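Data block for data26.txt (compact mmCIF, C-alpha atoms):
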```txt
# COMPACT_ATOMS: atom_id res chain seq x y z
CA MET U 1 -118.08 -36.16 37.47
CA SER U 2 -119.73 -35.61 34.14
CA ILE U 3 -121.05 -32.59 32.33
CA PHE U 4 -124.53 -33.67 33.34
CA ASP U 5 -123.69 -32.88 36.96
CA PHE U 6 -124.03 -29.26 35.97
CA PHE U 7 -127.78 -29.70 35.53
CA ARG U 8 -128.39 -31.51 38.76
CA PRO U 9 -130.17 -29.71 41.56
CA ARG U 10 -127.88 -28.08 44.06
CA GLY U 11 -128.26 -28.37 47.78
CA GLN U 12 -127.72 -30.95 50.46
CA PRO U 13 -127.57 -34.56 49.27
CA SER U 14 -130.31 -36.67 50.83
CA ALA U 15 -127.73 -39.02 52.38
CA THR U 16 -126.40 -36.13 54.47
CA ALA U 17 -129.91 -35.41 55.73
CA ALA U 18 -130.33 -39.11 56.56
CA LYS U 19 -127.13 -39.14 58.61
CA GLU U 20 -128.01 -35.98 60.53
CA ARG U 21 -131.54 -37.16 61.31
CA LEU U 22 -130.24 -40.51 62.54
CA GLN U 23 -127.61 -38.95 64.75
CA ILE U 24 -130.13 -36.69 66.48
CA LEU U 25 -132.72 -39.44 66.86
CA LEU U 26 -130.34 -42.10 68.15
CA ALA U 27 -128.72 -39.77 70.68
CA HIS U 28 -132.18 -39.37 72.20
CA GLU U 29 -133.24 -43.02 71.89
CA ARG U 30 -130.04 -44.40 73.40
CA SER U 31 -130.56 -42.40 76.60
CA THR U 32 -134.03 -43.84 77.10
CA ALA U 33 -133.53 -47.35 75.71
CA ALA U 34 -131.33 -48.32 78.64
CA ALA U 35 -134.19 -47.78 81.08
CA PRO U 36 -135.28 -50.91 82.93
CA ASP U 37 -138.61 -52.56 82.13
CA TYR U 38 -140.08 -51.72 85.53
CA LEU U 39 -139.59 -47.97 85.05
CA PRO U 40 -143.10 -47.08 83.82
CA LYS U 41 -144.72 -48.94 86.75
CA LEU U 42 -142.32 -47.39 89.24
CA GLN U 43 -143.08 -43.99 87.80
CA ARG U 44 -146.84 -44.57 88.17
CA GLU U 45 -146.51 -45.73 91.76
CA ILE U 46 -144.30 -42.80 92.74
CA ILE U 47 -146.89 -40.42 91.33
CA ASP U 48 -149.69 -42.21 93.23
CA LEU U 49 -147.71 -42.12 96.43
CA VAL U 50 -146.85 -38.44 96.20
CA THR U 51 -150.42 -37.42 95.33
CA LYS U 52 -151.64 -39.33 98.37
CA TYR U 53 -149.93 -36.72 100.56
CA VAL U 54 -149.66 -33.63 98.41
CA GLN U 55 -152.12 -32.21 95.91
CA VAL U 56 -150.03 -31.97 92.77
CA ALA U 57 -150.87 -32.49 89.12
CA ASP U 58 -149.34 -35.54 87.40
CA ASP U 59 -147.29 -33.37 85.10
CA LYS U 60 -145.56 -31.73 88.05
CA ILE U 61 -143.82 -34.99 88.85
CA SER U 62 -141.06 -36.24 86.60
CA VAL U 63 -139.16 -39.48 86.94
CA HIS U 64 -136.03 -39.54 84.86
CA TYR U 65 -133.68 -42.43 84.37
CA ALA U 66 -130.14 -41.83 83.17
CA ASN U 67 -127.29 -44.17 82.49
CA ALA U 68 -123.73 -42.90 82.51
CA GLY U 69 -121.23 -45.72 82.23
CA SER U 70 -121.24 -47.82 85.37
CA VAL U 71 -123.62 -45.57 87.30
CA SER U 72 -127.36 -45.34 86.72
CA THR U 73 -129.38 -42.65 88.39
CA LEU U 74 -133.08 -42.25 88.98
CA GLU U 75 -134.10 -38.66 89.38
CA VAL U 76 -137.51 -37.88 90.85
CA ASN U 77 -138.59 -34.29 90.62
CA VAL U 78 -141.71 -33.08 92.40
CA GLU U 79 -142.78 -29.52 91.91
CA LEU U 80 -144.74 -28.70 95.04
CA PRO U 81 -147.57 -26.18 94.90
CA VAL U 82 -146.91 -22.76 96.40
CA MET U 83 -147.77 -22.98 100.06
CA GLU U 84 -150.07 -20.43 101.63
CA PRO U 85 -148.04 -18.62 104.25
CA ALA U 86 -149.15 -20.13 107.53
CA ALA U 87 -150.99 -17.86 109.89
CA PRO U 88 -148.61 -16.64 112.60
CA MET U 89 -148.99 -18.85 115.56
CA ARG U 90 -149.62 -17.41 118.84
CA ARG U 91 -147.07 -18.42 121.24
CA SER U 92 -147.52 -18.24 124.88
CA PHE U 93 -144.60 -17.41 126.98
CA GLY U 94 -146.03 -18.93 130.03
CA MET E 1 -115.89 -75.40 71.79
CA ALA E 2 -118.78 -74.65 69.46
CA LYS E 3 -119.52 -71.00 68.75
CA VAL E 4 -123.06 -69.64 68.60
CA ILE E 5 -123.54 -66.84 66.06
CA VAL E 6 -126.78 -64.88 65.69
CA MET E 7 -127.79 -63.19 62.42
CA THR E 8 -129.97 -60.32 63.54
CA SER E 9 -131.16 -56.87 62.44
CA GLY E 10 -134.38 -55.78 64.12
CA LYS E 11 -135.82 -54.76 60.75
CA GLY E 12 -137.20 -57.37 58.37
CA GLY E 13 -136.19 -57.89 54.76
CA VAL E 14 -132.62 -56.69 55.10
CA GLY E 15 -130.99 -60.06 54.35
CA LYS E 16 -130.72 -62.06 57.57
CA THR E 17 -131.73 -65.37 56.02
CA THR E 18 -129.65 -64.76 52.89
CA THR E 19 -126.71 -64.03 55.19
CA ALA E 20 -127.36 -67.05 57.42
CA ALA E 21 -127.45 -69.31 54.36
CA ALA E 22 -124.32 -67.74 52.85
CA PHE E 23 -122.38 -67.86 56.13
CA GLY E 24 -123.45 -71.42 56.88
CA ALA E 25 -122.34 -72.57 53.44
CA GLY E 26 -119.15 -70.48 53.58
CA LEU E 27 -118.04 -71.86 56.95
CA ALA E 28 -118.89 -75.42 55.88
CA MET E 29 -117.00 -75.02 52.57
CA ARG E 30 -113.92 -74.25 54.67
CA GLY E 31 -114.36 -77.52 56.52
CA HIS E 32 -116.09 -76.31 59.69
CA ARG E 33 -119.02 -78.41 60.89
CA THR E 34 -121.86 -75.89 60.74
CA VAL E 35 -125.58 -75.94 61.53
CA VAL E 36 -128.02 -73.16 60.68
CA ILE E 37 -131.15 -72.92 62.84
CA ASP E 38 -134.30 -71.10 61.73
CA PHE E 39 -135.79 -69.21 64.71
CA ASP E 40 -138.63 -67.63 62.73
CA VAL E 41 -141.41 -69.82 64.11
CA GLY E 42 -144.52 -69.67 61.95
CA LEU E 43 -142.70 -68.16 58.96
CA ARG E 44 -140.32 -70.91 57.91
CA ASN E 45 -138.07 -69.76 55.05
CA LEU E 46 -134.49 -70.82 55.63
CA ASP E 47 -135.29 -74.24 54.11
CA LEU E 48 -136.46 -72.52 50.92
CA ILE E 49 -133.40 -70.26 50.65
CA MET E 50 -131.12 -73.25 51.18
CA GLY E 51 -133.06 -75.46 48.78
CA CYS E 52 -134.12 -78.26 51.12
CA GLU E 53 -137.82 -77.40 51.57
CA ARG E 54 -138.95 -80.79 50.29
CA ARG E 55 -136.83 -82.68 52.80
CA VAL E 56 -138.42 -81.20 55.95
CA VAL E 57 -140.07 -83.95 57.99
CA PHE E 58 -139.48 -82.94 61.59
CA ASP E 59 -138.55 -79.47 62.87
CA PHE E 60 -136.99 -77.51 65.73
CA ILE E 61 -140.26 -77.37 67.70
CA ASN E 62 -140.78 -81.16 67.34
CA VAL E 63 -137.35 -81.63 68.91
CA ILE E 64 -138.08 -79.15 71.71
CA ASN E 65 -141.37 -80.93 72.48
CA GLY E 66 -139.72 -84.33 72.41
CA ASP E 67 -141.76 -85.50 69.39
CA ALA E 68 -138.61 -86.17 67.37
CA ARG E 69 -134.93 -86.74 67.99
CA LEU E 70 -132.49 -84.05 66.92
CA ASN E 71 -130.90 -86.15 64.17
CA GLN E 72 -134.34 -86.84 62.71
CA ALA E 73 -134.93 -83.10 62.29
CA LEU E 74 -131.47 -82.10 61.07
CA ILE E 75 -131.20 -81.91 57.28
CA ARG E 76 -127.75 -82.56 55.86
CA ASP E 77 -126.93 -80.38 52.84
CA LYS E 78 -126.52 -82.35 49.62
CA ARG E 79 -123.77 -80.08 48.32
CA ILE E 80 -121.55 -79.76 51.40
CA GLY E 81 -121.38 -82.58 53.91
CA GLU E 82 -120.28 -80.33 56.77
CA LEU E 83 -123.49 -78.29 56.57
CA CYS E 84 -126.82 -79.03 58.28
CA ILE E 85 -129.99 -77.06 58.72
CA LEU E 86 -132.57 -77.24 61.46
CA PRO E 87 -135.85 -75.95 60.02
CA THR E 88 -138.44 -74.24 62.16
CA SER E 89 -142.10 -75.10 62.55
CA GLN E 90 -145.04 -73.49 60.77
CA THR E 91 -147.03 -73.45 64.02
CA ARG E 92 -148.76 -70.24 65.04
CA ASP E 93 -148.11 -70.95 68.71
CA LYS E 94 -145.91 -68.07 69.81
CA ASP E 95 -144.82 -69.83 72.99
CA ALA E 96 -143.49 -72.87 71.14
CA LEU E 97 -139.90 -71.77 71.74
CA THR E 98 -139.16 -72.36 75.40
CA LYS E 99 -135.94 -71.22 76.99
CA GLU E 100 -135.25 -74.64 78.47
CA GLY E 101 -136.05 -76.36 75.17
CA VAL E 102 -133.83 -74.15 73.04
CA GLU E 103 -130.99 -74.43 75.55
CA ARG E 104 -131.21 -78.23 75.53
CA VAL E 105 -131.10 -78.38 71.71
CA LEU E 106 -128.15 -75.96 71.56
CA GLU E 107 -126.23 -78.00 74.14
CA GLU E 108 -126.81 -81.13 72.10
CA LEU E 109 -125.70 -79.40 68.88
CA LYS E 110 -122.54 -78.09 70.53
CA ALA E 111 -121.24 -81.64 70.80
CA ASP E 112 -121.40 -82.20 67.02
CA PHE E 113 -120.77 -78.81 65.44
CA ASP E 114 -118.13 -76.08 65.37
CA TYR E 115 -120.52 -73.26 64.47
CA ILE E 116 -124.20 -72.85 65.31
CA ILE E 117 -125.82 -70.07 63.29
CA CYS E 118 -129.11 -68.74 64.63
CA ASP E 119 -131.20 -67.06 61.94
CA SER E 120 -133.30 -64.55 63.87
CA PRO E 121 -136.78 -63.38 62.92
CA ALA E 122 -137.39 -59.63 62.54
CA GLY E 123 -138.59 -57.63 65.52
CA ILE E 124 -137.65 -57.77 69.18
CA GLU E 125 -140.23 -60.32 70.28
CA ARG E 126 -139.75 -63.80 71.70
CA GLY E 127 -138.23 -65.46 68.59
CA ALA E 128 -135.66 -62.70 68.14
CA LEU E 129 -134.80 -62.68 71.86
CA MET E 130 -134.36 -66.48 71.84
CA ALA E 131 -132.14 -66.33 68.74
CA LEU E 132 -129.74 -63.87 70.35
CA TYR E 133 -129.86 -65.05 73.98
CA TRP E 134 -127.11 -67.68 73.74
CA ALA E 135 -124.97 -65.86 71.16
CA ASP E 136 -121.20 -65.63 71.46
CA GLU E 137 -121.01 -63.43 68.38
CA ALA E 138 -123.60 -61.39 66.48
CA VAL E 139 -123.72 -60.34 62.85
CA ILE E 140 -125.87 -57.21 62.60
CA VAL E 141 -127.29 -57.15 59.07
CA THR E 142 -127.99 -53.56 58.07
CA ASN E 143 -129.06 -51.77 54.89
CA PRO E 144 -127.72 -48.23 54.29
CA GLU E 145 -131.15 -46.78 54.99
CA VAL E 146 -132.53 -44.85 57.98
CA SER E 147 -135.06 -47.35 59.37
CA SER E 148 -132.63 -50.25 59.12
CA VAL E 149 -129.84 -48.32 60.88
CA ARG E 150 -132.21 -47.23 63.64
CA ASP E 151 -133.43 -50.80 64.20
CA SER E 152 -129.87 -52.11 64.21
CA ASP E 153 -129.03 -49.62 66.92
CA ARG E 154 -132.00 -50.84 68.91
CA ILE E 155 -131.06 -54.52 68.51
CA LEU E 156 -127.50 -53.69 69.64
CA GLY E 157 -129.03 -52.29 72.83
CA VAL E 158 -131.00 -55.53 73.27
CA LEU E 159 -127.84 -57.62 72.74
CA GLN E 160 -126.02 -55.57 75.35
CA SER E 161 -128.76 -55.95 77.96
CA ARG E 162 -130.81 -59.10 77.28
CA SER E 163 -128.31 -61.72 76.07
CA LYS E 164 -127.10 -64.45 78.41
CA ARG E 165 -123.62 -62.96 78.37
CA ALA E 166 -125.03 -59.57 79.43
CA GLU E 167 -127.23 -61.08 82.14
CA GLU E 168 -124.34 -63.04 83.59
CA GLY E 169 -121.88 -60.18 83.31
CA ALA E 170 -119.62 -62.30 81.09
CA GLU E 171 -117.52 -60.98 78.23
CA PRO E 172 -119.96 -59.15 75.92
CA VAL E 173 -121.29 -60.65 72.69
CA LYS E 174 -118.82 -59.85 69.88
CA GLU E 175 -120.59 -57.60 67.38
CA HIS E 176 -120.00 -57.42 63.62
CA LEU E 177 -121.63 -55.10 61.12
CA LEU E 178 -122.59 -56.52 57.74
CA LEU E 179 -123.79 -53.81 55.39
CA THR E 180 -125.99 -55.34 52.70
CA ARG E 181 -127.62 -54.02 49.51
CA TYR E 182 -124.90 -51.40 49.19
CA ASP E 183 -125.15 -49.42 45.99
CA ALA E 184 -121.82 -47.63 45.44
CA GLU E 185 -123.22 -45.55 42.58
CA ARG E 186 -126.03 -44.12 44.66
CA VAL E 187 -123.57 -43.50 47.49
CA GLU E 188 -121.37 -41.54 45.11
CA ARG E 189 -124.36 -39.46 44.03
CA GLY E 190 -125.14 -38.67 47.68
CA GLU E 191 -128.39 -40.63 47.60
CA MET E 192 -127.38 -43.35 50.02
CA LEU E 193 -125.62 -43.45 53.39
CA LYS E 194 -121.99 -44.43 52.89
CA VAL E 195 -120.12 -47.13 54.83
CA ASP E 196 -118.34 -44.56 57.00
CA ASP E 197 -121.64 -42.87 57.93
CA VAL E 198 -123.15 -46.14 59.14
CA LEU E 199 -119.95 -47.08 60.97
CA GLU E 200 -119.84 -43.70 62.68
CA ILE E 201 -123.44 -44.05 63.83
CA LEU E 202 -123.45 -47.68 64.96
CA ALA E 203 -119.80 -47.75 66.11
CA ILE E 204 -119.19 -51.49 65.72
CA PRO E 205 -116.51 -53.24 63.62
CA LEU E 206 -117.24 -53.81 59.93
CA LEU E 207 -117.33 -57.44 58.81
CA GLY E 208 -118.28 -56.84 55.20
CA ILE E 209 -120.09 -54.86 52.56
CA ILE E 210 -122.41 -56.85 50.30
CA PRO E 211 -123.17 -54.92 47.10
CA GLU E 212 -126.70 -54.75 45.73
CA SER E 213 -126.67 -57.58 43.23
CA GLN E 214 -129.09 -59.39 40.97
CA SER E 215 -127.43 -62.65 41.91
CA VAL E 216 -129.12 -62.62 45.36
CA LEU E 217 -132.61 -63.00 43.89
CA LYS E 218 -131.35 -65.53 41.38
CA ALA E 219 -129.80 -67.58 44.19
CA SER E 220 -133.02 -67.56 46.21
CA ASN E 221 -135.03 -68.54 43.12
CA LEU E 222 -132.82 -71.60 42.81
CA GLY E 223 -132.49 -72.40 46.52
CA GLN E 224 -128.73 -72.00 46.44
CA PRO E 225 -126.83 -69.92 48.99
CA VAL E 226 -125.47 -66.93 47.02
CA ILE E 227 -121.93 -67.69 48.19
CA PHE E 228 -121.90 -70.58 45.67
CA ASP E 229 -122.11 -68.00 42.88
CA GLU E 230 -118.40 -67.31 42.83
CA VAL E 231 -118.50 -64.91 39.92
CA SER E 232 -121.12 -62.57 41.37
CA PRO E 233 -119.99 -59.58 43.45
CA ALA E 234 -122.40 -60.56 46.26
CA GLY E 235 -121.06 -64.12 46.35
CA GLN E 236 -117.48 -62.85 46.46
CA ALA E 237 -118.33 -60.28 49.14
CA TYR E 238 -119.87 -63.00 51.32
CA ALA E 239 -116.81 -65.20 50.84
CA ASP E 240 -114.61 -62.29 51.95
CA ALA E 241 -116.84 -61.67 54.99
CA VAL E 242 -116.61 -65.33 56.06
CA GLY E 243 -112.83 -65.12 55.67
CA ARG E 244 -112.69 -62.03 57.89
CA PHE E 245 -114.95 -63.73 60.41
CA LEU E 246 -112.39 -66.51 60.63
CA GLY E 247 -109.68 -63.97 61.34
CA HIS E 248 -108.16 -63.45 57.89
CA SER E 249 -107.23 -59.94 56.90
CA ILE E 250 -109.04 -59.19 53.63
CA GLU E 251 -109.43 -55.75 52.15
CA HIS E 252 -112.98 -54.47 51.65
CA ARG E 253 -114.19 -54.46 48.04
CA PHE E 254 -117.23 -53.13 46.16
CA THR E 255 -117.21 -49.75 47.90
CA ARG E 256 -116.64 -47.85 44.65
CA PRO E 257 -118.78 -47.90 41.54
CA GLU E 258 -117.57 -49.97 38.63
CA ARG E 259 -115.73 -47.82 36.16
CA ARG E 260 -117.61 -47.57 32.90
CA GLY E 261 -116.70 -46.21 29.53
CA LEU E 262 -117.79 -42.70 28.62
CA PHE E 263 -120.44 -44.02 26.25
CA GLN E 264 -122.08 -46.17 28.93
CA ARG E 265 -121.94 -43.33 31.41
CA LEU E 266 -123.66 -40.94 29.05
CA LEU E 267 -126.29 -43.51 28.20
CA ARG E 268 -127.04 -44.18 31.83
CA ARG E 269 -127.08 -40.58 32.90
CA THR E 270 -129.59 -39.62 30.28
CA ALA E 271 -131.71 -42.73 30.68
```
Take the structure from the file and write it as structure tokens.
Amino acid sequence: MSIFDFFRPRGQPSATAAKERLQILLAHERSTAAAPDYLPKLQREIIDLVTKYVQVADDKISVHYANAGSVSTLEVNVELPVMEPAAPMRRSFG
Amino acid sequence: MAKVIVMTSGKGGVGKTTTAAAFGAGLAMRGHRTVVIDFDVGLRNLDLIMGCERRVVFDFINVINGDARLNQALIRDKRIGELCILPTSQTRDKDALTKEGVERVLEELKADFDYIICDSPAGIERGALMALYWADEAVIVTNPEVSSVRDSDRILGVLQSRSKRAEEGAEPVKEHLLLTRYDAERVERGEMLKVDDVLEILAIPLLGIIPESQSVLKASNLGQPVIFDEVSPAGQAYADAVGRFLGHSIEHRFTRPERRGLFQRLLRRTA
């Protein structure tokens, strides 16, 4: 340290900011980087298939890939639209 | 059995070719038969860094295509007999490197060499994937700077999923971190990521720290691997790294700023 340190601006050194930004970014990137190459196409086809049967917006379907050690999971989440309550059926009791 | 080592980084300009040249020369100086292959098709530069640019007649792609024999393309270093380089082509054909072709050349080289160093191009395209595919060990060249660390992390992911060893479920590629252009003074002032920060983020073993040094540019100007400059800190740091690679236990140097006299310190601070 020298007496000139006294005049230097206080606050967080830029290297600390660099480390923190990298740690946050890489935690996110590592979880997605492991995804297989076919994932985007699979995602598209799942969306097409679901919308063939149910009227849902694209953003109501999420396909999420996660890798935890030796197990990889593919999570498909479809948020179905609220169903109109079906009209009570008349039942005949013979 | 010959070992295949890839020098890779993802990011360009961090010192892959400088490192490939230094490692090739360092291993050869210790008596190991070593060949350095330039995988940067279209942007040939290893020949220039190693000072044999005027001796290139045939190249890697000529050998792959069967237009030349391997020993016609190999250039033997004039300083160290154990060292050869295989220059790449200046072609703009991106598909010039075929998997079968590269594999055949590597198999042939394995018979005559102890170490095969693959100098990877930047990026994660074909050339980079080919350079790392057959690797037994990888030297990840990283600068203490955010974009370089991020790209190194990405290339580690590629090594762990796209290399031959990964595809075949064999023992993983052995990874080494080589931190280059390290400026201990800026680290001390909190302006640069320190070794421990980078190690904590990338979590791979440290092979060496190469200090920022004027001798690297001087060496490339002259076409001499910087490891020949035995008085320069960078040359010494590369020699240490090669020693560690070969299993010797050598303490890390150049992590602290050089101590200067009070007068020099005052001069510099106020400059």
Minimum-distance residue to Glu29 of chain U, chosen among E:Lys11, E:Val198, E:Pro205, E:Arg154 (using all atoms listed in the file):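 With all atoms listed in the file as the atom set, the closest residue is E:Arg154.
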Interface residues on chain E facing chain U, 6 Å, only C-alpha atoms, written as number ranges by chain: E: 190-193
Export of prior selection with C-alpha atoms as an mmCIF file, in the coordinates of the input:
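As written to disk, part.cif reads:
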```cif
data_model
loop_
_atom_site.group_PDB
_atom_site.id
_atom_site.type_symbol
_atom_site.label_atom_id
_atom_site.label_comp_id
_atom_site.auth_asym_id
_atom_site.auth_seq_id
_atom_site.Cartn_x
_atom_site.Cartn_y
_atom_site.Cartn_z
ATOM 1 C CA GLY E 190 -125.140 -38.670 47.680
ATOM 2 C CA GLU E 191 -128.390 -40.630 47.600
ATOM 3 C CA MET E 192 -127.380 -43.350 50.020
ATOM 4 C CA LEU E 193 -125.620 -43.450 53.390
#
```
Contact residues around Ala241 of chain E with all atoms listed in the file at 10 Å, ignoring same-chain residues under 2 positions, as a ChimeraX atom specification: /E:22-23,26,178,206-210,235-239,243-252
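Residues in contact with Ser31 of chain U at up to 9 Å, not including ones fewer than 5 positions away on its chain and judged by all atoms listed in the file, are Leu26, Tyr65, Ala66 and Asn67 of chain U.
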Taking all atoms of segment 235-249 of chain E that the file lists, what box with edges along x, y and z, padded by 4 Å per side, do you get, with centre and edge lengths in Å to one decimal, as AutoDock Vina command-line options?
```
--center_x -114.1 --center_y -63.2 --center_z 53.8 --size_x 21.8 --size_y 14.6 --size_z 23.0
```
Atom pair atom CA of Thr255 of chain E / atom CA of Asn143 of chain E: separation (Å): 13.9 Å
Interatomic distance (Å, one decimal) between atom CA of Gln72 of chain E and atom CA of Asp59 of chain E: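 Atom-to-atom, atom CA of Gln72 of chain E to atom CA of Asp59 of chain E, that is 8.5 Å.
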All residues 6 Å or closer to segment 89-100 of chain E, all atoms listed in the file, same chain fewer than 6 positions away omitted, as a VMD selection string: chain E and resid 41 to 42 59 61
Pairwise distance for atom CA of Gly101 of chain E and atom CA of Gly81 of chain E, rounded to one decimal in Å: 26.6 Å
Closest of E:Thr34, E:Gly15, E:Ser220, E:Gly127 to Lys110 of chain E - atom-to-atom distances counting only C-alpha atoms: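 Between E:Thr34, E:Gly15, E:Ser220, E:Gly127, the residue approaching Lys110 of chain E most closely is E:Thr34.
Shortest separation to Ile24 of chain U among E:Ala135, E:Val195, E:Ile201, E:Ile85 occurs at residue E:Ile201, atoms counted being all atoms listed in the file.
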Expected residue set, 9 Å radius at (-125.8, -63.9, 69.5), only C-alpha atoms, as a list in words: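 Those residues lying close to the given coordinates are Val4, Ile5, Val6, Met7, Thr8, Ile117, Cys118, Ala131, Leu132, Tyr133, Trp134, Ala135, Asp136, Glu137, Ala138, Val139, Leu159, Ser163, Val173, Lys174 and Glu175 of chain E.
If you measure from each of E:Asn221, E:Ser152, E:Thr142, E:Ser120 to Ala20 of chain E using all atoms listed in the file, the closest one turns out to be E:Ser120.
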Spatial neighbours of Val216 of chain E, 8 Å, all atoms listed in the file, chain gap at least 2 places, as a PyMOL selection string: chain E and resi 18+213-214+218-220+226+234
How about saving the chosen residues, C-alpha atoms kept, as a short mmCIF file (atom, residue, chain, number, x, y, z; two decimals), keeping the file's coordinate frame?
```
data_model
loop_
_atom_site.label_atom_id
_atom_site.label_comp_id
_atom_site.auth_asym_id
_atom_site.auth_seq_id
_atom_site.Cartn_x
_atom_site.Cartn_y
_atom_site.Cartn_z
CA THR E 18 -129.65 -64.76 52.89
CA SER E 213 -126.67 -57.58 43.23
CA GLN E 214 -129.09 -59.39 40.97
CA LYS E 218 -131.35 -65.53 41.38
CA ALA E 219 -129.80 -67.58 44.19
CA SER E 220 -133.02 -67.56 46.21
CA VAL E 226 -125.47 -66.93 47.02
CA ALA E 234 -122.40 -60.56 46.26
#
```
Asp114 of chain E surroundings by only C-alpha atoms, 10 Å radius, close-in-sequence under 2 positions cut, as a list of chain:residue names: E:Met1, E:Ala2, E:Lys3, E:Val4, E:Leu27, E:Ala28, E:Gly31, E:His32, E:Arg33, E:Thr34, E:Val35, E:Glu82, E:Leu109, E:Lys110, E:Ala111, E:Asp112, E:Ile116, E:Ile117
File for segment 84-90 of chain E (all heavy atoms), as a compact mmCIF listing (two decimals), in the first residue's frame:
```txt
# COMPACT_ATOMS: atom_id res chain seq x y z
N CYS E 84 8.43 -31.34 -34.89
CA CYS E 84 7.93 -31.16 -36.25
C CYS E 84 6.66 -30.33 -36.21
O CYS E 84 5.95 -30.30 -35.20
CB CYS E 84 7.58 -32.51 -36.87
SG CYS E 84 9.01 -33.40 -37.48
N ILE E 85 6.37 -29.66 -37.32
CA ILE E 85 5.07 -29.01 -37.41
C ILE E 85 4.35 -29.45 -38.68
O ILE E 85 4.98 -29.74 -39.70
CB ILE E 85 5.11 -27.47 -37.25
CG1 ILE E 85 5.08 -26.76 -38.60
CG2 ILE E 85 6.28 -26.96 -36.44
CD1 ILE E 85 4.41 -25.42 -38.47
N LEU E 86 3.04 -29.53 -38.55
CA LEU E 86 2.21 -29.86 -39.72
C LEU E 86 1.34 -28.63 -39.97
O LEU E 86 0.39 -28.37 -39.24
CB LEU E 86 1.35 -31.09 -39.43
CG LEU E 86 0.49 -31.61 -40.58
CD1 LEU E 86 1.30 -31.90 -41.83
CD2 LEU E 86 -0.27 -32.87 -40.15
N PRO E 87 1.71 -27.83 -40.99
CA PRO E 87 0.97 -26.59 -41.22
C PRO E 87 -0.40 -26.87 -41.82
O PRO E 87 -0.62 -27.94 -42.42
CB PRO E 87 1.85 -25.83 -42.22
CG PRO E 87 2.62 -26.89 -42.93
CD PRO E 87 2.80 -28.03 -41.97
N THR E 88 -1.31 -25.92 -41.68
CA THR E 88 -2.63 -26.11 -42.26
C THR E 88 -2.68 -25.43 -43.63
O THR E 88 -1.72 -24.80 -44.06
CB THR E 88 -3.72 -25.55 -41.33
OG1 THR E 88 -4.98 -26.03 -41.80
CG2 THR E 88 -3.74 -24.04 -41.34
N SER E 89 -3.80 -25.56 -44.28
CA SER E 89 -3.97 -25.01 -45.62
C SER E 89 -4.59 -23.61 -45.54
O SER E 89 -5.25 -23.27 -44.55
CB SER E 89 -4.86 -25.96 -46.40
OG SER E 89 -5.53 -25.28 -47.40
N GLN E 90 -4.40 -22.83 -46.59
CA GLN E 90 -5.03 -21.51 -46.64
C GLN E 90 -6.37 -21.57 -47.39
O GLN E 90 -6.94 -20.54 -47.71
CB GLN E 90 -4.10 -20.51 -47.35
CG GLN E 90 -2.88 -20.12 -46.55
CD GLN E 90 -3.19 -19.13 -45.44
OE1 GLN E 90 -4.11 -19.30 -44.66
NE2 GLN E 90 -2.39 -18.08 -45.35
```
